[in-house]
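Shown below: protein-v8.tsv, with TSV, N, CA and C atoms and all ligand atoms.
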```tsv
chain	number	residue	atom	x	y	z
J	223	MET	N	3.61	8.19	-15.04
J	223	MET	CA	3.89	9.57	-14.61
J	223	MET	C	5.38	9.72	-14.34
J	224	HIS	N	5.85	10.97	-14.34
J	224	HIS	CA	7.26	11.27	-14.12
J	224	HIS	C	7.52	11.32	-12.61
J	225	CYS	N	8.61	10.68	-12.18
J	225	CYS	CA	8.91	10.63	-10.75
J	225	CYS	C	9.41	12.00	-10.27
J	226	VAL	N	8.80	12.52	-9.19
J	226	VAL	CA	9.21	13.83	-8.68
J	226	VAL	C	10.34	13.70	-7.65
J	227	VAL	N	10.67	12.47	-7.25
J	227	VAL	CA	11.73	12.28	-6.26
J	227	VAL	C	13.10	12.27	-6.95
J	228	CYS	N	13.30	11.37	-7.91
J	228	CYS	CA	14.61	11.29	-8.59
J	228	CYS	C	14.63	12.14	-9.85
J	229	LYS	N	13.45	12.53	-10.31
J	229	LYS	CA	13.31	13.38	-11.50
J	229	LYS	C	13.91	12.75	-12.76
J	230	GLN	N	14.08	11.41	-12.73
J	230	GLN	CA	14.62	10.72	-13.91
J	230	GLN	C	13.69	9.63	-14.41
J	231	GLY	N	13.10	8.92	-13.47
J	231	GLY	CA	12.35	7.73	-13.84
J	231	GLY	C	10.91	8.01	-14.23
J	232	GLU	N	10.33	7.01	-14.87
J	232	GLU	CA	8.89	6.99	-15.11
J	232	GLU	C	8.31	5.90	-14.22
J	233	THR	N	7.03	6.01	-13.89
J	233	THR	CA	6.42	5.01	-13.01
J	233	THR	C	5.66	3.98	-13.83
J	234	SER	N	5.55	2.79	-13.25
J	234	SER	CA	4.72	1.75	-13.85
J	234	SER	C	3.72	1.27	-12.81
J	235	SER	N	2.54	0.88	-13.28
J	235	SER	CA	1.49	0.41	-12.38
J	235	SER	C	1.84	-0.97	-11.86
J	236	GLN	N	1.87	-1.10	-10.53
J	236	GLN	CA	2.18	-2.38	-9.91
J	236	GLN	C	1.28	-2.60	-8.71
J	237	ARG	N	1.36	-3.82	-8.16
J	237	ARG	CA	0.68	-4.14	-6.91
J	237	ARG	C	1.75	-4.36	-5.86
J	238	VAL	N	1.65	-3.68	-4.74
J	238	VAL	CA	2.69	-3.74	-3.72
J	238	VAL	C	2.07	-4.07	-2.36
J	239	THR	N	2.93	-4.26	-1.38
J	239	THR	CA	2.48	-4.45	0.00
J	239	THR	C	2.76	-3.17	0.78
J	240	VAL	N	1.75	-2.66	1.47
J	240	VAL	CA	1.91	-1.43	2.24
J	240	VAL	C	1.51	-1.67	3.69
J	241	GLU	N	1.92	-0.77	4.55
J	241	GLU	CA	1.53	-0.80	5.96
J	241	GLU	C	0.65	0.40	6.26
J	242	ARG	N	-0.38	0.16	7.05
J	242	ARG	CA	-1.21	1.25	7.56
J	242	ARG	C	-0.72	1.53	8.97
J	243	HIS	N	-0.49	2.81	9.28
J	243	HIS	CA	0.04	3.19	10.59
J	243	HIS	C	-1.00	3.97	11.39
J	244	ASN	N	-0.87	3.89	12.71
J	244	ASN	CA	-1.71	4.74	13.55
J	244	ASN	C	-1.03	6.10	13.71
J	245	GLN	N	-1.63	6.97	14.53
J	245	GLN	CA	-1.10	8.34	14.63
J	245	GLN	C	0.26	8.36	15.32
J	246	ALA	N	0.58	7.32	16.07
J	246	ALA	CA	1.89	7.23	16.72
J	246	ALA	C	2.95	6.69	15.76
J	247	GLY	N	2.54	6.37	14.55
J	247	GLY	CA	3.47	5.88	13.55
J	247	GLY	C	3.72	4.39	13.63
J	248	GLU	N	2.94	3.68	14.45
J	248	GLU	CA	3.13	2.24	14.56
J	248	GLU	C	2.25	1.52	13.54
J	249	PRO	N	2.78	0.48	12.91
J	249	PRO	CA	1.97	-0.25	11.93
J	249	PRO	C	0.82	-0.99	12.60
J	250	ILE	N	-0.37	-0.84	12.03
J	250	ILE	CA	-1.54	-1.52	12.60
J	250	ILE	C	-2.10	-2.55	11.63
J	251	ALA	N	-1.67	-2.50	10.37
J	251	ALA	CA	-2.15	-3.49	9.41
J	251	ALA	C	-1.22	-3.54	8.21
J	252	VAL	N	-1.11	-4.71	7.62
J	252	VAL	CA	-0.36	-4.90	6.38
J	252	VAL	C	-1.37	-5.21	5.29
J	253	ILE	N	-1.27	-4.51	4.17
J	253	ILE	CA	-2.21	-4.70	3.08
J	253	ILE	C	-1.45	-5.17	1.84
J	254	HIS	N	-1.75	-6.38	1.40
J	254	HIS	CA	-1.16	-6.92	0.18
J	254	HIS	C	-1.99	-6.48	-1.02
J	255	ASN	N	-1.36	-6.53	-2.19
J	255	ASN	CA	-2.07	-6.30	-3.46
J	255	ASN	C	-2.58	-4.87	-3.58
J	256	PHE	N	-1.85	-3.93	-2.96
J	256	PHE	CA	-2.26	-2.52	-2.98
J	256	PHE	C	-1.74	-1.87	-4.27
J	257	PRO	N	-2.61	-1.14	-5.00
J	257	PRO	CA	-2.15	-0.55	-6.26
J	257	PRO	C	-1.21	0.63	-6.03
J	258	ALA	N	-0.14	0.69	-6.80
J	258	ALA	CA	0.82	1.78	-6.69
J	258	ALA	C	1.45	2.06	-8.04
J	259	GLU	N	1.89	3.29	-8.20
J	259	GLU	CA	2.75	3.65	-9.32
J	259	GLU	C	4.17	3.64	-8.78
J	260	VAL	N	5.03	2.79	-9.35
J	260	VAL	CA	6.38	2.60	-8.82
J	260	VAL	C	7.40	3.12	-9.83
J	261	CYS	N	8.31	3.96	-9.33
J	261	CYS	CA	9.36	4.53	-10.19
J	261	CYS	C	10.32	3.42	-10.61
J	262	THR	N	10.60	3.36	-11.91
J	262	THR	CA	11.48	2.30	-12.43
J	262	THR	C	12.95	2.59	-12.13
J	263	VAL	N	13.27	3.81	-11.68
J	263	VAL	CA	14.66	4.15	-11.38
J	263	VAL	C	14.93	4.07	-9.87
J	264	CYS	N	14.17	4.82	-9.05
J	264	CYS	CA	14.49	4.89	-7.61
J	264	CYS	C	13.57	4.04	-6.75
J	265	GLY	N	12.48	3.52	-7.31
J	265	GLY	CA	11.61	2.65	-6.55
J	265	GLY	C	10.58	3.38	-5.70
J	266	GLU	N	10.55	4.71	-5.77
J	266	GLU	CA	9.54	5.46	-5.02
J	266	GLU	C	8.14	4.99	-5.41
J	267	GLU	N	7.27	4.85	-4.41
J	267	GLU	CA	5.91	4.39	-4.68
J	267	GLU	C	4.92	5.52	-4.48
J	268	TYR	N	4.00	5.64	-5.42
J	268	TYR	CA	2.96	6.67	-5.36
J	268	TYR	C	1.61	5.98	-5.24
J	269	TYR	N	0.79	6.49	-4.30
J	269	TYR	CA	-0.51	5.87	-4.03
J	269	TYR	C	-1.63	6.86	-4.31
J	270	ALA	N	-2.81	6.33	-4.57
J	270	ALA	CA	-3.98	7.16	-4.78
J	270	ALA	C	-4.78	7.24	-3.48
J	271	ALA	N	-5.27	8.45	-3.17
J	271	ALA	CA	-5.99	8.66	-1.91
J	271	ALA	C	-7.20	7.75	-1.79
J	272	GLU	N	-7.88	7.49	-2.93
J	272	GLU	CA	-9.10	6.67	-2.85
J	272	GLU	C	-8.78	5.23	-2.48
J	273	ASP	N	-7.54	4.78	-2.79
J	273	ASP	CA	-7.17	3.42	-2.41
J	273	ASP	C	-6.99	3.32	-0.90
J	274	TRP	N	-6.50	4.40	-0.26
J	274	TRP	CA	-6.39	4.40	1.20
J	274	TRP	C	-7.77	4.46	1.83
J	275	GLN	N	-8.72	5.12	1.18
J	275	GLN	CA	-10.09	5.13	1.70
J	275	GLN	C	-10.68	3.73	1.66
J	276	ALA	N	-10.33	2.97	0.60
J	276	ALA	CA	-10.79	1.59	0.51
J	276	ALA	C	-10.19	0.76	1.64
J	277	VAL	N	-8.97	1.09	2.05
J	277	VAL	CA	-8.33	0.36	3.15
J	277	VAL	C	-9.08	0.62	4.46
J	278	ASP	N	-9.55	1.85	4.66
J	278	ASP	CA	-10.31	2.16	5.87
J	278	ASP	C	-11.53	1.23	5.99
J	279	GLN	N	-12.19	0.97	4.87
J	279	GLN	CA	-13.34	0.06	4.88
J	279	GLN	C	-12.87	-1.38	5.11
J	280	LEU	N	-11.72	-1.69	4.55
J	280	LEU	CA	-11.17	-3.04	4.68
J	280	LEU	C	-10.87	-3.36	6.15
J	281	LEU	N	-10.39	-2.36	6.90
J	281	LEU	CA	-9.98	-2.59	8.29
J	281	LEU	C	-11.17	-2.91	9.19
J	282	ALA	N	-12.38	-2.65	8.71
J	282	ALA	CA	-13.57	-2.99	9.49
J	282	ALA	C	-13.92	-4.47	9.33
J	283	GLN	N	-13.27	-5.13	8.36
J	283	GLN	CA	-13.55	-6.54	8.11
J	283	GLN	C	-12.53	-7.43	8.81
J	284	SER	N	-12.79	-8.71	8.81
J	284	SER	CA	-11.85	-9.66	9.39
J	284	SER	C	-10.62	-9.79	8.50
J	285	PRO	N	-9.41	-9.79	9.10
J	285	PRO	CA	-8.20	-9.94	8.29
J	285	PRO	C	-8.04	-11.37	7.81
J	286	LEU	N	-7.20	-11.55	6.78
J	286	LEU	CA	-6.87	-12.89	6.29
J	286	LEU	C	-6.23	-13.71	7.39
J	287	ARG	N	-5.29	-13.08	8.11
J	287	ARG	CA	-4.66	-13.72	9.25
J	287	ARG	C	-4.03	-12.63	10.09
J	288	VAL	N	-3.72	-12.95	11.34
J	288	VAL	CA	-3.09	-12.00	12.25
J	288	VAL	C	-1.71	-12.52	12.60
J	289	ALA	N	-0.70	-11.68	12.41
J	289	ALA	CA	0.67	-12.07	12.71
J	289	ALA	C	1.19	-11.24	13.89
J	290	GLN	N	1.87	-11.91	14.79
J	290	GLN	CA	2.55	-11.22	15.88
J	290	GLN	C	4.01	-11.08	15.53
J	291	VAL	N	4.55	-9.88	15.62
J	291	VAL	CA	5.96	-9.70	15.29
J	291	VAL	C	6.71	-9.13	16.48
J	292	PRO	N	7.95	-9.59	16.72
J	292	PRO	CA	8.77	-9.03	17.79
J	292	PRO	C	9.24	-7.63	17.41
J	293	ILE	N	9.31	-6.74	18.36
J	293	ILE	CA	9.74	-5.36	18.12
J	293	ILE	C	11.03	-5.11	18.87
J	294	TYR	N	12.01	-4.56	18.19
J	294	TYR	CA	13.32	-4.28	18.78
J	294	TYR	C	13.65	-2.80	18.62
J	295	GLU	N	14.64	-2.37	19.38
J	295	GLU	CA	15.16	-1.03	19.20
J	295	GLU	C	16.67	-1.11	19.14
J	296	LEU	N	17.27	-0.50	18.12
J	296	LEU	CA	18.72	-0.49	18.01
J	296	LEU	C	19.26	0.69	18.83
J	297	ARG	N	19.94	0.39	19.91
J	297	ARG	CA	20.42	1.46	20.78
J	297	ARG	C	21.82	1.92	20.36
J	298	SER	N	22.07	3.19	20.57
J	298	SER	CA	23.40	3.73	20.27
J	298	SER	C	24.41	3.15	21.24
J	299	PRO	N	25.62	2.84	20.77
J	299	PRO	CA	26.65	2.26	21.65
J	299	PRO	C	27.14	3.30	22.68
T	301	ZN	ZN	12.26	7.99	-9.09
```

What's the structure tokens form of this structure?
Ligand SMILES: [Zn+2]
Amino acid sequence: MHCVVCKQGETSSQRVTVERHNQAGEPIAVIHNFPAEVCTVCGEEYYAAEDWQAVDQLLAQSPLRVAQVPIYELRSP
């Protein structure tokens, strides 16, 4: 498909890593091997709604592993 962000590139089907966020915008899960159409020029990723529905079902299952990550905030000087 034609990229609507840069209006120059075409997309190619790839598998990417995405984050699922809660309503506060915080990441609650990382999903590997997620299907996406990726623009070959600007890198914009396009996802299908049904793939996110599949993630909702996935989140009810046990994850491969659980990682704890430190969270920082860059404060203005
Ligand atoms: Zn693009």

*By how many Å are CA of Arg287 in chain J and CA of Phe256 in chain J apart?*
16.8 Å

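Taking chain J and asking which residues DSSP calls strand (DSSP E or B) on the backbone, you get His224, Glu232, Thr233, Ser234, Ser235, Gln236, Arg237, Val238, Thr239, Val240, Glu241, Arg242, His243, Pro249, Ile250, Ala251, Val252, Ile253, His254, Asn255, Phe256, Pro257, Ala258, Glu259, Val260, Cys261, Glu267 and Tyr268 of chain J.
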
*Which residue, J:Leu281, J:His224, J:Val238, J:Tyr269, has the smallest gap to His254 in chain J when you use all atoms listed in the file?*
J:Val238

Let me have all residues with an atom within 6 Å of ligand ZN 301 (chain T), counting all atoms listed in the file, laid out as an mmCIF file with N, CA and C atoms, in the coordinates of the input.
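Final output, saved to pocket14.cif:
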```
data_model
loop_
_atom_site.group_PDB
_atom_site.id
_atom_site.type_symbol
_atom_site.label_atom_id
_atom_site.label_comp_id
_atom_site.auth_asym_id
_atom_site.auth_seq_id
_atom_site.Cartn_x
_atom_site.Cartn_y
_atom_site.Cartn_z
ATOM 1 N N CYS J 225 8.610 10.680 -12.180
ATOM 2 C CA CYS J 225 8.910 10.630 -10.750
ATOM 3 C C CYS J 225 9.410 12.000 -10.270
ATOM 4 N N VAL J 226 8.800 12.520 -9.190
ATOM 5 C CA VAL J 226 9.210 13.830 -8.680
ATOM 6 C C VAL J 226 10.340 13.700 -7.650
ATOM 7 N N VAL J 227 10.670 12.470 -7.250
ATOM 8 C CA VAL J 227 11.730 12.280 -6.260
ATOM 9 C C VAL J 227 13.100 12.270 -6.950
ATOM 10 N N CYS J 228 13.300 11.370 -7.910
ATOM 11 C CA CYS J 228 14.610 11.290 -8.590
ATOM 12 C C CYS J 228 14.630 12.140 -9.850
ATOM 13 N N LYS J 229 13.450 12.530 -10.310
ATOM 14 C CA LYS J 229 13.310 13.380 -11.500
ATOM 15 C C LYS J 229 13.910 12.750 -12.760
ATOM 16 N N GLN J 230 14.080 11.410 -12.730
ATOM 17 C CA GLN J 230 14.620 10.720 -13.910
ATOM 18 C C GLN J 230 13.690 9.630 -14.410
ATOM 19 N N GLY J 231 13.100 8.920 -13.470
ATOM 20 C CA GLY J 231 12.350 7.730 -13.840
ATOM 21 C C GLY J 231 10.910 8.010 -14.230
ATOM 22 N N CYS J 261 8.310 3.960 -9.330
ATOM 23 C CA CYS J 261 9.360 4.530 -10.190
ATOM 24 C C CYS J 261 10.320 3.420 -10.610
ATOM 25 N N THR J 262 10.600 3.360 -11.910
ATOM 26 C CA THR J 262 11.480 2.300 -12.430
ATOM 27 C C THR J 262 12.950 2.590 -12.130
ATOM 28 N N VAL J 263 13.270 3.810 -11.680
ATOM 29 C CA VAL J 263 14.660 4.150 -11.380
ATOM 30 C C VAL J 263 14.930 4.070 -9.870
ATOM 31 N N CYS J 264 14.170 4.820 -9.050
ATOM 32 C CA CYS J 264 14.490 4.890 -7.610
ATOM 33 C C CYS J 264 13.570 4.040 -6.750
ATOM 34 N N GLY J 265 12.480 3.520 -7.310
ATOM 35 C CA GLY J 265 11.610 2.650 -6.550
ATOM 36 C C GLY J 265 10.580 3.380 -5.700
ATOM 37 N N GLU J 266 10.550 4.710 -5.770
ATOM 38 C CA GLU J 266 9.540 5.460 -5.020
ATOM 39 C C GLU J 266 8.140 4.990 -5.410
#
```

*asked:* Show me, as a list in words, the residues that have an atom within 12 Å of Val288 in chain J when counting only C-alpha atoms, minus same-chain residues fewer than 6 positions from it.
replied: Ile250, Ala251, Val252 and Ile253 of chain J

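From CA of Val240 in chain J back to CA of Asp278 in chain J, the distance works out to 13.2 Å.
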
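Atom N of His243 in chain J lies 13.1 Å from atom N of Ala282 in chain J.
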
*Up to 7 Å from (-4.3, 2.9, 3.8) in the file's coordinates: name the residues, counting all atoms listed in the file, as a PyMOL selection string.*
chain J and resi 241-243+273-278

_Given only N, CA and C atoms as the counted atoms, nearest of J:Gln236, J:Gln283, J:Glu272, J:Glu267 to Asn255 in chain J_ = J:Gln236

_Which of range 225-293 of chain J end up as helix (DSSP H, G or I) when DSSP is run on this backbone - answer as a list in words?_
Ala271, Glu272, Asp273, Trp274, Gln275, Ala276, Val277, Asp278, Gln279 and Leu280 of chain J

*asked:* My list of candidates is J:Ala289, J:Leu296, J:Ala246, J:Met223. Which is closest to Glu259 in chain J when distances are computed with all atoms listed in the file?
replied: J:Met223

*Give the answer as one residue: which of J:Val260, J:Pro292, J:Leu286, J:Gln279 has the shortest atom-to-atom distance to Ser234 in chain J, using only N, CA and C atoms?*
J:Val260
